[in-house]
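Novice: Following this message is one structure expressed as structure tokens.
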Amino acid sequence: MNRAAKAALILSAAAAILLFYAFVAGALLLLGLLLGCELLVTLAAARVGMAGFVAKYMGKDVTLATILVRCFFTGSTATFRLPLEREDAPGLFAILDSLSGELKVAMPRVVFVEMTTGAWVELKGYRSGTGTTKLGVGYDLLAGLSEAEVEAVLAHEMVHAKLIHRGLQLWLKMGFNHAATLTRALSSWVETHRRKNETAGLAGFYLRIADSITRTAARLVSTYSRQEEFAADRGAAAIYGAAAISSALLKLDPIHAKAVRLPWRERVAQLQLEGGFSQWLTSELVVGDSVSSSEERRGVFDRYSTHPILNDRLAALTPDNKPLRPSRPAIQLLTNPDSVAGRLIEEIQRSLEKEERKDFKQMQRWVGRLGRGTAIHPSQLPGGLMFLAGVVWGIAALANDLGAFALLCAIPMAAIGFFLYRLGGYKDRIPLPVPSFTDLQKAWTSTLKITELQAAEKQIEAELKDRMAAEKKPRRKFIMLRAESYTSLQRCDYLRAHVAARLGLAIERKSVECTMALAIASAGLKLGPQTLTLLGRLRQSTAMKSRSTSWGGAWAFLLLGDWFSAEALLVRSLQMTPATTTFQILLAFCQAKRGKLHNASTNARTACDAEPANDDYAKLLINTLLDGGHLRQAHDRLEALRSKAQSDSELAFLFVRLNVLSRRFDEAECWVALLQQESAESDATVRLGGVYELARNYEKATEYYLKAVADGYYPEAFLGLARLAFKRKDFKEAHKYSLSALDTVRSVKSNGRGPLDIFPQTLAQLVALEEVRPDCRAWIATFRNKAPLTAVANRSFMVFAPQQEDAERYLRMIVEAMQPNSQPFSATTLHWEPAPADQQPARPVRPGVQYVLA
């Protein structure tokens with residue numbers, strides 16, 4: 001791109017950003033005028049008792065104004081990096097010193113190392129080549145490239161520091177981030193209203209404008225960024241030669257592909273093993289000197305990408321006579337690579353702990369919002385009336401100059417009324433039972449077929465109705481059913497609790513206890529929509545502030561797999577009853593599910609200290625430690641339980657995990673033999689396949705997955721085989737196994753996860769098999785009541801495809817795999833429509849069924 005074209009590009013990008021700011025200013029001005037009019041209408045409507053109706057619409061506009069303002073306060077993002085001192089990497093700093101002199105730019109103020117495969121510069125200032133510079137380099141990059149290749153990469157970044165117009169780049173980047181933040185927030189707001197079949201009003205209009213501006217700005221800013229990348233490549237080639245930068249570029253993608261296969265737990269674990277972290281990582285990331293073919297490097301052009309595709313970058317380099325000089329591995333630029341790795345991992349752990357603390361504050365805000373819009377409890381009325389009387393008295397005292405005494409009486413009255421109002425509210429009549437963690441776990445893993453559930457439900461209902469007949473008064477019948485539902489929950493008998501609570505609500509439909517019991521039981525029976533409806537009713541009447549309602553909500557969310565909501569309510573429950581170790585261990589369980597391993601291990605340790613004899617608590621703690629890669633701590637805990645592992649299959653499985661993660665495969669197989677003797681269930685074989693797959697021992701993983709599918713129908717095993725086939729690029733086999741994981745006709749073996757439980761993962765695997773295409777559109781397919789499968793009735797699917805006919809083919813493949821050997825379903829059972837503009841793919845995507853719309 002010549003200078004005139006580049007100048008025109010910069011002016012266009014700046015105009016797009018200015019247009020965004022003008023749009024936000026105009027939108028806020030329009031909202032301000034609208035809110036002023038709505039306030040006047042609200043005051044007028046108050047005279048005829050219609051203020052609440054108008055205030056409802058006014059509240060939506062206030063929220064919309066808040067969204068517009070908040071886009072300018074994006075906050076800081078978490079950083080996971082370690083600053084390097086000159087003595088940590090004298091070779092690396094020597095290269096930067098040389099480049100600073102060559103390019104006549106200031107040395108970077110700080111040099112960071114990250115656990116990534118990239119490099120970057122952070123530029124402050126207003127003009128090219130001036131201001132402060134921070135530089136970051138990936139530890140994985142140093143492990144995967146040679147010193148000569150890293151020199152070229154660093155030269156690329158330092159050329160950026162010399163050539164980029166810093167003030168312009170910072171302003172464009174900040175403006176685009178504001179636009180993208182606003183578009184995401186508006187899209188989320190509008191989508192919430194779409195799901196409720198409500199009109200989004202002015203927000204929908206604003207979204208269409210913001211989305212169009214953001215896409216335009218993204219395209220122009222990305223084009224500008226790509227030109228800067230070409231310039232930096234040429235600058236690096238001028239210093240070290242085209243061969244050096246070409247070799248580095250060719251290796252970056254293969255190194256990244258290898259690095260993403262190394263999970264965090266394995267990196268942490270490797271620090272505790274013999275052999276050295278850096279040596280292990282270098283061996284894992286080696287790609288050799290052979291370059292990929294042009295066809296393998298072929299990429300799809302993405303106009304929203306900040307970097308050009310590889311072939312374009314290589315073609316833009318001018319060949320020269322500078323060969324790639326032989327050099328040592330770049331990791332040797334560090335004085336003590338293992339020490340740097342250890343400090344970096346410690347720094348990342350500290351940053352993760354900070355993020356977990358931020359998440360806790362977010363949960364606290366969510367819990368606080370549960371009380372909004374709830375019904376006023378009768379016990380709150382006296383306090384509320386007293387507060388209003390105090391406020392009215394105070395206003396009257398000020399308006400009519402009644403004196404300081406009247407005002408001094410009004411203020412305490414309002415304060416006492418407010419206190420009594422907050423003190424009022426729902427109070428538990430009978431405590432909700434708290435089963436043991438062991439009983440809760442057993443109930444999670446138990447499964448019954450639909451026909452078995454229906455027969456058992458009829459039997460339980462007949463029994464309870466016979467007992468009801470023995471009671472003459474409806475109140476006595478209700479008390480018996482309420483007690484039965486709570487007693488059943490204590491045993492985690494969700495079916496019996498469901499029947500008892502349902503019959504109890506038929507007598508007293510406003511009963512909080514039966515509503516709560518029915519919500520928990522529905523969640524235990526996987527009745528998600530019914531559970532959410534009941535929880536909404538419970539929140540409306542109680543705000544989930546009492547000990548029982550807070551625990552009941554947490555229990556239901558646990559069974560639904562909503563770990564965030566469950567964790568938030570468990571924190572509240574634990575604050576009310578700190579001595580309940582079941583709450584403590586369940587909190588650890590939720591946090592482990594959400595990847596908050598530091599908090600999870602802390603809470604699990606607290607529970608273990610409170611009940612050291614509880615092996616189930618110890619197992620959860622050991623699992624959490626292994627998930628975090630803390631081998632030594634897990635080993636110490638497991639050794640104390642070694643004698644019990646001979647007869648406990650779960651402990652034996654933990655020994656397998658420990659030895660596989662420690663790369664002691666022979667010892668792991670000894671524990672596998674013991675495990676297979678103890679456990680007759682084939683789901684243990686599926687889990688073994690998963691353990692070996694994570695350890696990248698694909699041969700063993702395939703062996704165990706094949707053994708599992710030979711023993712019965714395990715969709716997880718088929719999906720595991722699909723992943724392994726995908727890794728070895730056998731896409732035909734991967735496709736076959738993925739479709740096999742969708743079969744809803746075959747009966748799943750005991751303790752196995754059904755095809756619907758892993759449905760999102762299976763869809764993702766099928767999409768991964770498709771080639772990226774730049775011409776896809778988004779379609780929404782909705783099954784009507786007469787759907788070919790109950791599982792898809794009234795469900796909507798997001799499908800990416802070039803044409804609607806292609807989208808129909810993808811969806812038909814999914815449905816037919818879910819019910820093989822059945823009659824093809826009629827197209828009349830489907831309703832197709834293009835997805836809204838804000839949900840259309842802007843970048844090249846893989847076609848296929850993407851996900852189920854909520």
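Ligands are numbered from 1 in the order shown, residues from 1 within each chain, and chains are lettered A, B, ... in the order they appear in the structure tokens.
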Can you tell me, as an MDAnalysis selection string, what residues are no more than 10 Å from range 823-832 of chain A when counting only C-alpha atoms, ignoring any on the same chain fewer than 6 positions away?
Specialist: chainID A and resid 779:789 793:797 804 807:808 812 815:816
Novice: The selected residues should be written to file as a PDB file, in the first residue's frame (atoms: N, CA and C atoms).
Specialist:
ATOM      1  N   TRP A 779     -28.349 -18.929  10.411  1.00  0.00           N
ATOM      2  CA  TRP A 779     -29.772 -19.252  10.299  1.00  0.00           C
ATOM      3  C   TRP A 779     -30.255 -19.802  11.633  1.00  0.00           C
ATOM      4  N   ILE A 780     -31.496 -19.514  11.960  1.00  0.00           N
ATOM      5  CA  ILE A 780     -32.117 -20.051  13.173  1.00  0.00           C
ATOM      6  C   ILE A 780     -33.224 -21.013  12.752  1.00  0.00           C
ATOM      7  N   ALA A 781     -33.091 -22.256  13.189  1.00  0.00           N
ATOM      8  CA  ALA A 781     -34.087 -23.287  12.891  1.00  0.00           C
ATOM      9  C   ALA A 781     -34.815 -23.644  14.182  1.00  0.00           C
ATOM     10  N   THR A 782     -36.141 -23.563  14.152  1.00  0.00           N
ATOM     11  CA  THR A 782     -36.949 -23.851  15.333  1.00  0.00           C
ATOM     12  C   THR A 782     -37.877 -25.012  15.045  1.00  0.00           C
ATOM     13  N   PHE A 783     -37.815 -26.056  15.873  1.00  0.00           N
ATOM     14  CA  PHE A 783     -38.722 -27.189  15.739  1.00  0.00           C
ATOM     15  C   PHE A 783     -40.048 -26.863  16.401  1.00  0.00           C
ATOM     16  N   ARG A 784     -41.103 -27.205  15.721  1.00  0.00           N
ATOM     17  CA  ARG A 784     -42.427 -26.998  16.287  1.00  0.00           C
ATOM     18  C   ARG A 784     -42.792 -28.178  17.190  1.00  0.00           C
ATOM     19  N   ASN A 785     -44.018 -28.178  17.679  1.00  0.00           N
ATOM     20  CA  ASN A 785     -44.438 -29.223  18.627  1.00  0.00           C
ATOM     21  C   ASN A 785     -44.318 -30.619  18.033  1.00  0.00           C
ATOM     22  N   LYS A 786     -44.594 -30.763  16.744  1.00  0.00           N
ATOM     23  CA  LYS A 786     -44.546 -32.075  16.110  1.00  0.00           C
ATOM     24  C   LYS A 786     -43.127 -32.373  15.621  1.00  0.00           C
ATOM     25  N   ALA A 787     -42.195 -32.257  16.514  1.00  0.00           N
ATOM     26  CA  ALA A 787     -40.797 -32.513  16.176  1.00  0.00           C
ATOM     27  C   ALA A 787     -40.547 -34.013  16.109  1.00  0.00           C
ATOM     28  N   PRO A 788     -39.538 -34.438  15.328  1.00  0.00           N
ATOM     29  CA  PRO A 788     -39.247 -35.875  15.230  1.00  0.00           C
ATOM     30  C   PRO A 788     -38.725 -36.454  16.529  1.00  0.00           C
ATOM     31  N   LEU A 789     -38.236 -35.600  17.438  1.00  0.00           N
ATOM     32  CA  LEU A 789     -37.682 -36.044  18.709  1.00  0.00           C
ATOM     33  C   LEU A 789     -38.197 -35.131  19.813  1.00  0.00           C
ATOM     34  N   ALA A 793     -38.048 -30.743  20.459  1.00  0.00           N
ATOM     35  CA  ALA A 793     -39.334 -30.051  20.339  1.00  0.00           C
ATOM     36  C   ALA A 793     -39.234 -28.654  20.945  1.00  0.00           C
ATOM     37  N   ASN A 794     -39.717 -27.672  20.186  1.00  0.00           N
ATOM     38  CA  ASN A 794     -39.714 -26.267  20.620  1.00  0.00           C
ATOM     39  C   ASN A 794     -38.298 -25.737  20.904  1.00  0.00           C
ATOM     40  N   ARG A 795     -37.315 -26.369  20.323  1.00  0.00           N
ATOM     41  CA  ARG A 795     -35.935 -25.912  20.471  1.00  0.00           C
ATOM     42  C   ARG A 795     -35.498 -25.174  19.211  1.00  0.00           C
ATOM     43  N   SER A 796     -34.585 -24.214  19.407  1.00  0.00           N
ATOM     44  CA  SER A 796     -34.038 -23.461  18.281  1.00  0.00           C
ATOM     45  C   SER A 796     -32.541 -23.721  18.183  1.00  0.00           C
ATOM     46  N   PHE A 797     -32.062 -23.843  16.948  1.00  0.00           N
ATOM     47  CA  PHE A 797     -30.656 -24.135  16.698  1.00  0.00           C
ATOM     48  C   PHE A 797     -30.048 -23.023  15.842  1.00  0.00           C
ATOM     49  N   GLN A 804     -29.461 -21.602   2.805  1.00  0.00           N
ATOM     50  CA  GLN A 804     -30.398 -22.282   3.703  1.00  0.00           C
ATOM     51  C   GLN A 804     -30.441 -23.782   3.412  1.00  0.00           C
ATOM     52  N   ALA A 807     -27.770 -25.328   5.319  1.00  0.00           N
ATOM     53  CA  ALA A 807     -28.112 -25.348   6.743  1.00  0.00           C
ATOM     54  C   ALA A 807     -29.086 -26.484   7.051  1.00  0.00           C
ATOM     55  N   GLU A 808     -30.048 -26.692   6.157  1.00  0.00           N
ATOM     56  CA  GLU A 808     -31.012 -27.788   6.347  1.00  0.00           C
ATOM     57  C   GLU A 808     -30.309 -29.140   6.327  1.00  0.00           C
ATOM     58  N   ARG A 812     -30.341 -31.725   9.410  1.00  0.00           N
ATOM     59  CA  ARG A 812     -30.924 -33.046   9.148  1.00  0.00           C
ATOM     60  C   ARG A 812     -29.944 -34.152   9.557  1.00  0.00           C
ATOM     61  N   VAL A 815     -30.160 -34.521  13.415  1.00  0.00           N
ATOM     62  CA  VAL A 815     -31.403 -35.135  13.902  1.00  0.00           C
ATOM     63  C   VAL A 815     -31.458 -36.614  13.530  1.00  0.00           C
ATOM     64  N   GLU A 816     -31.025 -36.948  12.334  1.00  0.00           N
ATOM     65  CA  GLU A 816     -31.039 -38.351  11.924  1.00  0.00           C
ATOM     66  C   GLU A 816     -30.027 -39.169  12.726  1.00  0.00           C
TER      67      GLU A 816
END
Novice: Applying 10 Å and only C-alpha atoms, which residues near range 105-119 of chain A remain after dropping the ones on its own chain fewer than 6 positions away? List them as an MDAnalysis selection string.
Specialist: chainID A and resid 79:86 89 92:93 96:99 128:145 150 153:154 156:159 161:163 252:253 255:257 259:260 264 267 340:341 344:345 347:348
Novice: Could you tell me which of A:Leu64, A:Ala741, A:Ala462, A:Ala242 comes closest to Val190 in chain A if we count only C-alpha atoms?
Specialist: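 Using only C-alpha atoms, Val190 in chain A sits closest to A:Leu64.
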Novice: Which residues are close to range 23-32 of chain A, i.e. within 10 Å by only C-alpha atoms, leaving aside same-chain residues fewer than 6 positions away? Reply as a list in words.
Specialist: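 Listed by chain and then number, they are Ile17, Glu38, Asp61, Val62, Leu64, Ala65, Thr66, Leu68, Val69, Cys71, Ala179, Leu182, Leu202, Tyr206, Ile209, Ala210 and Ile213 of chain A.
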Novice: Pick the closest to Tyr57 in chain A from A:Ala645, A:Ala243, A:Leu34, A:Leu407: which is it, counting only C-alpha atoms?
Specialist: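 Of the candidates, the smallest distance to Tyr57 in chain A is held by A:Leu34.
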Novice: If you measure from CA of Arg773 in chain A to CA of Leu249 in chain A, what distance in Å do you get, rounded to one decimal?
Specialist: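 Going from CA of Arg773 in chain A over to CA of Leu249 in chain A, I get 23.5 Å.
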Novice: Mind the document's chain letters and residue numbers, and return as an MDAnalysis selection string the residues of range 499-647 of chain A that DSSP labels helix (DSSP H, G or I).
Specialist: chainID A and resid 499:507 512:524 528:542 547:560 563:576 581:593 597:610 615:627 631:639 642:645
Novice: Counting only C-alpha atoms, which residues of range 738-836 of chain A sit at most 10 Å from some atom of range 679-701 of chain A, and what is each one's closest atom pair with its distance in Å to one decimal, listed by chain and rising residue number, as JSON lines?
Specialist:
{"residue": "A:Lys749", "atom": "CA", "partner": "A:Asp683", "partner_atom": "CA", "distance": 8.0}
{"residue": "A:Ser750", "atom": "CA", "partner": "A:Glu681", "partner_atom": "CA", "distance": 7.4}
{"residue": "A:Asn751", "atom": "CA", "partner": "A:Asp683", "partner_atom": "CA", "distance": 6.3}
{"residue": "A:Gly752", "atom": "CA", "partner": "A:Asp683", "partner_atom": "CA", "distance": 5.9}
{"residue": "A:Arg753", "atom": "CA", "partner": "A:Asp683", "partner_atom": "CA", "distance": 9.0}
Novice: Restricting it to C-alpha atoms, dump the selection as a CSV table (one decimal), in the first residue's frame.
Specialist:
chain,number,residue,atom,x,y,z
A,749,LYS,CA,-24.9,-48.0,30.3
A,750,SER,CA,-25.1,-47.3,34.0
A,751,ASN,CA,-23.3,-44.2,35.3
A,752,GLY,CA,-22.6,-43.1,31.7
A,753,ARG,CA,-23.5,-39.6,30.4
Novice: Which residue is closest to Arg572 in chain A? Choose from A:Val656, A:Leu352, A:Met363, A:Met1 and count only C-alpha atoms.
Specialist: A:Met363
Novice: When you draw a straight line from CA of Leu675 in chain A to CA of Ser740 in chain A, how long is it in Å?
Specialist: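 The value is 27.4 Å.
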Novice: Would you write out, as JSON lines, a table of all residues in range 530-616 of chain A that have an atom no more than 8 Å from an atom of range 424-437 of chain A, listing for each the closest atom pair and the distance in Å to one decimal, considering only C-alpha atoms and ordering rows by chain and rising residue number?
Specialist:
{"residue": "A:Ser541", "atom": "CA", "partner": "A:Tyr426", "partner_atom": "CA", "distance": 7.8}
{"residue": "A:Thr542", "atom": "CA", "partner": "A:Tyr426", "partner_atom": "CA", "distance": 5.5}
{"residue": "A:Lys545", "atom": "CA", "partner": "A:Tyr426", "partner_atom": "CA", "distance": 7.9}
{"residue": "A:Ser546", "atom": "CA", "partner": "A:Lys427", "partner_atom": "CA", "distance": 6.3}
{"residue": "A:Arg547", "atom": "CA", "partner": "A:Asp428", "partner_atom": "CA", "distance": 7.5}
{"residue": "A:Ser548", "atom": "CA", "partner": "A:Leu432", "partner_atom": "CA", "distance": 5.2}
{"residue": "A:Thr549", "atom": "CA", "partner": "A:Asp428", "partner_atom": "CA", "distance": 7.9}
{"residue": "A:Trp551", "atom": "CA", "partner": "A:Leu432", "partner_atom": "CA", "distance": 7.8}
{"residue": "A:Gly552", "atom": "CA", "partner": "A:Leu432", "partner_atom": "CA", "distance": 7.2}
{"residue": "A:Thr582", "atom": "CA", "partner": "A:Phe437", "partner_atom": "CA", "distance": 5.9}
{"residue": "A:Ile585", "atom": "CA", "partner": "A:Phe437", "partner_atom": "CA", "distance": 7.6}
{"residue": "A:Leu586", "atom": "CA", "partner": "A:Phe437", "partner_atom": "CA", "distance": 7.4}
{"residue": "A:Asp616", "atom": "CA", "partner": "A:Phe437", "partner_atom": "CA", "distance": 7.6}
Novice: Would you pick out the contacts of Glu669 in chain A at 12 Å or less, using only C-alpha atoms, so that residues sharing its chain but fewer than 5 positions from it are not included, and give the list as a VMD selection string?
Specialist: chain A and resid 652 to 653 655 to 660 663 to 664 674 to 676 688 692 700 704
Novice: Can those selected residues be exported to a file as a PDB file, in the first residue's frame so that it contains N, CA, C and O atoms?
Specialist:
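Result file is result.pdb:
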ATOM      1  N   ALA A 652      -8.309 -45.693  44.018  1.00  0.00           N
ATOM      2  CA  ALA A 652      -7.433 -46.327  43.033  1.00  0.00           C
ATOM      3  C   ALA A 652      -7.349 -45.485  41.760  1.00  0.00           C
ATOM      4  O   ALA A 652      -6.277 -45.336  41.160  1.00  0.00           O
ATOM      5  N   PHE A 653      -8.475 -44.895  41.369  1.00  0.00           N
ATOM      6  CA  PHE A 653      -8.483 -44.038  40.180  1.00  0.00           C
ATOM      7  C   PHE A 653      -7.622 -42.792  40.399  1.00  0.00           C
ATOM      8  O   PHE A 653      -6.923 -42.341  39.489  1.00  0.00           O
ATOM      9  N   PHE A 655      -4.968 -42.665  42.263  1.00  0.00           N
ATOM     10  CA  PHE A 655      -3.582 -43.113  42.121  1.00  0.00           C
ATOM     11  C   PHE A 655      -3.198 -43.223  40.642  1.00  0.00           C
ATOM     12  O   PHE A 655      -2.061 -42.923  40.265  1.00  0.00           O
ATOM     13  N   VAL A 656      -4.148 -43.650  39.806  1.00  0.00           N
ATOM     14  CA  VAL A 656      -3.884 -43.691  38.365  1.00  0.00           C
ATOM     15  C   VAL A 656      -3.597 -42.280  37.855  1.00  0.00           C
ATOM     16  O   VAL A 656      -2.621 -42.038  37.137  1.00  0.00           O
ATOM     17  N   ARG A 657      -4.450 -41.331  38.229  1.00  0.00           N
ATOM     18  CA  ARG A 657      -4.266 -39.946  37.794  1.00  0.00           C
ATOM     19  C   ARG A 657      -2.903 -39.408  38.230  1.00  0.00           C
ATOM     20  O   ARG A 657      -2.202 -38.759  37.442  1.00  0.00           O
ATOM     21  N   LEU A 658      -2.559 -39.650  39.489  1.00  0.00           N
ATOM     22  CA  LEU A 658      -1.289 -39.150  40.014  1.00  0.00           C
ATOM     23  C   LEU A 658      -0.109 -39.704  39.224  1.00  0.00           C
ATOM     24  O   LEU A 658       0.808 -38.966  38.840  1.00  0.00           O
ATOM     25  N   ASN A 659      -0.110 -41.000  38.950  1.00  0.00           N
ATOM     26  CA  ASN A 659       1.020 -41.618  38.262  1.00  0.00           C
ATOM     27  C   ASN A 659       1.070 -41.248  36.787  1.00  0.00           C
ATOM     28  O   ASN A 659       2.154 -41.086  36.217  1.00  0.00           O
ATOM     29  N   VAL A 660      -0.092 -41.088  36.161  1.00  0.00           N
ATOM     30  CA  VAL A 660      -0.094 -40.675  34.757  1.00  0.00           C
ATOM     31  C   VAL A 660       0.435 -39.249  34.639  1.00  0.00           C
ATOM     32  O   VAL A 660       1.241 -38.940  33.751  1.00  0.00           O
ATOM     33  N   ARG A 663       3.977 -39.114  34.797  1.00  0.00           N
ATOM     34  CA  ARG A 663       4.592 -39.846  33.678  1.00  0.00           C
ATOM     35  C   ARG A 663       5.150 -41.193  34.106  1.00  0.00           C
ATOM     36  O   ARG A 663       6.040 -41.741  33.467  1.00  0.00           O
ATOM     37  N   ARG A 664       4.580 -41.763  35.165  1.00  0.00           N
ATOM     38  CA  ARG A 664       4.975 -43.119  35.597  1.00  0.00           C
ATOM     39  C   ARG A 664       3.893 -44.083  35.098  1.00  0.00           C
ATOM     40  O   ARG A 664       3.040 -44.553  35.853  1.00  0.00           O
ATOM     41  N   LEU A 674      -5.810 -53.037  39.354  1.00  0.00           N
ATOM     42  CA  LEU A 674      -6.547 -53.099  40.616  1.00  0.00           C
ATOM     43  C   LEU A 674      -7.919 -52.457  40.470  1.00  0.00           C
ATOM     44  O   LEU A 674      -8.926 -52.988  40.968  1.00  0.00           O
ATOM     45  N   LEU A 675      -7.978 -51.345  39.781  1.00  0.00           N
ATOM     46  CA  LEU A 675      -9.248 -50.637  39.590  1.00  0.00           C
ATOM     47  C   LEU A 675     -10.244 -51.495  38.823  1.00  0.00           C
ATOM     48  O   LEU A 675     -11.428 -51.560  39.168  1.00  0.00           O
ATOM     49  N   GLN A 676      -9.782 -52.172  37.796  1.00  0.00           N
ATOM     50  CA  GLN A 676     -10.686 -52.997  36.996  1.00  0.00           C
ATOM     51  C   GLN A 676     -11.161 -54.226  37.760  1.00  0.00           C
ATOM     52  O   GLN A 676     -12.233 -54.757  37.490  1.00  0.00           O
ATOM     53  N   LEU A 688     -10.704 -43.672  32.363  1.00  0.00           N
ATOM     54  CA  LEU A 688      -9.291 -43.976  32.126  1.00  0.00           C
ATOM     55  C   LEU A 688      -8.857 -43.463  30.752  1.00  0.00           C
ATOM     56  O   LEU A 688      -7.759 -42.926  30.595  1.00  0.00           O
ATOM     57  N   TYR A 692      -5.706 -40.740  30.085  1.00  0.00           N
ATOM     58  CA  TYR A 692      -4.584 -40.954  29.168  1.00  0.00           C
ATOM     59  C   TYR A 692      -4.643 -39.986  27.985  1.00  0.00           C
ATOM     60  O   TYR A 692      -3.600 -39.582  27.454  1.00  0.00           O
ATOM     61  N   LYS A 700      -2.927 -45.511  24.448  1.00  0.00           N
ATOM     62  CA  LYS A 700      -3.637 -46.073  25.603  1.00  0.00           C
ATOM     63  C   LYS A 700      -5.066 -45.535  25.682  1.00  0.00           C
ATOM     64  O   LYS A 700      -6.001 -46.266  26.017  1.00  0.00           O
ATOM     65  N   TYR A 704      -8.604 -47.802  25.771  1.00  0.00           N
ATOM     66  CA  TYR A 704      -9.649 -47.795  26.800  1.00  0.00           C
ATOM     67  C   TYR A 704     -10.997 -47.342  26.233  1.00  0.00           C
ATOM     68  O   TYR A 704     -12.044 -47.865  26.612  1.00  0.00           O
TER      69      TYR A 704
END
Novice: As an exercise, work out the distance from CA of Phe176 in chain A to CA of Thr192 in chain A in Å and give it to one decimal place.
Specialist: 24.3 Å
Novice: Restricting the calculation to only C-alpha atoms: of A:Pro834, A:Leu9, A:Glu452, A:Leu587, which residue gets closest to Gln575 in chain A?
Specialist: A:Leu587
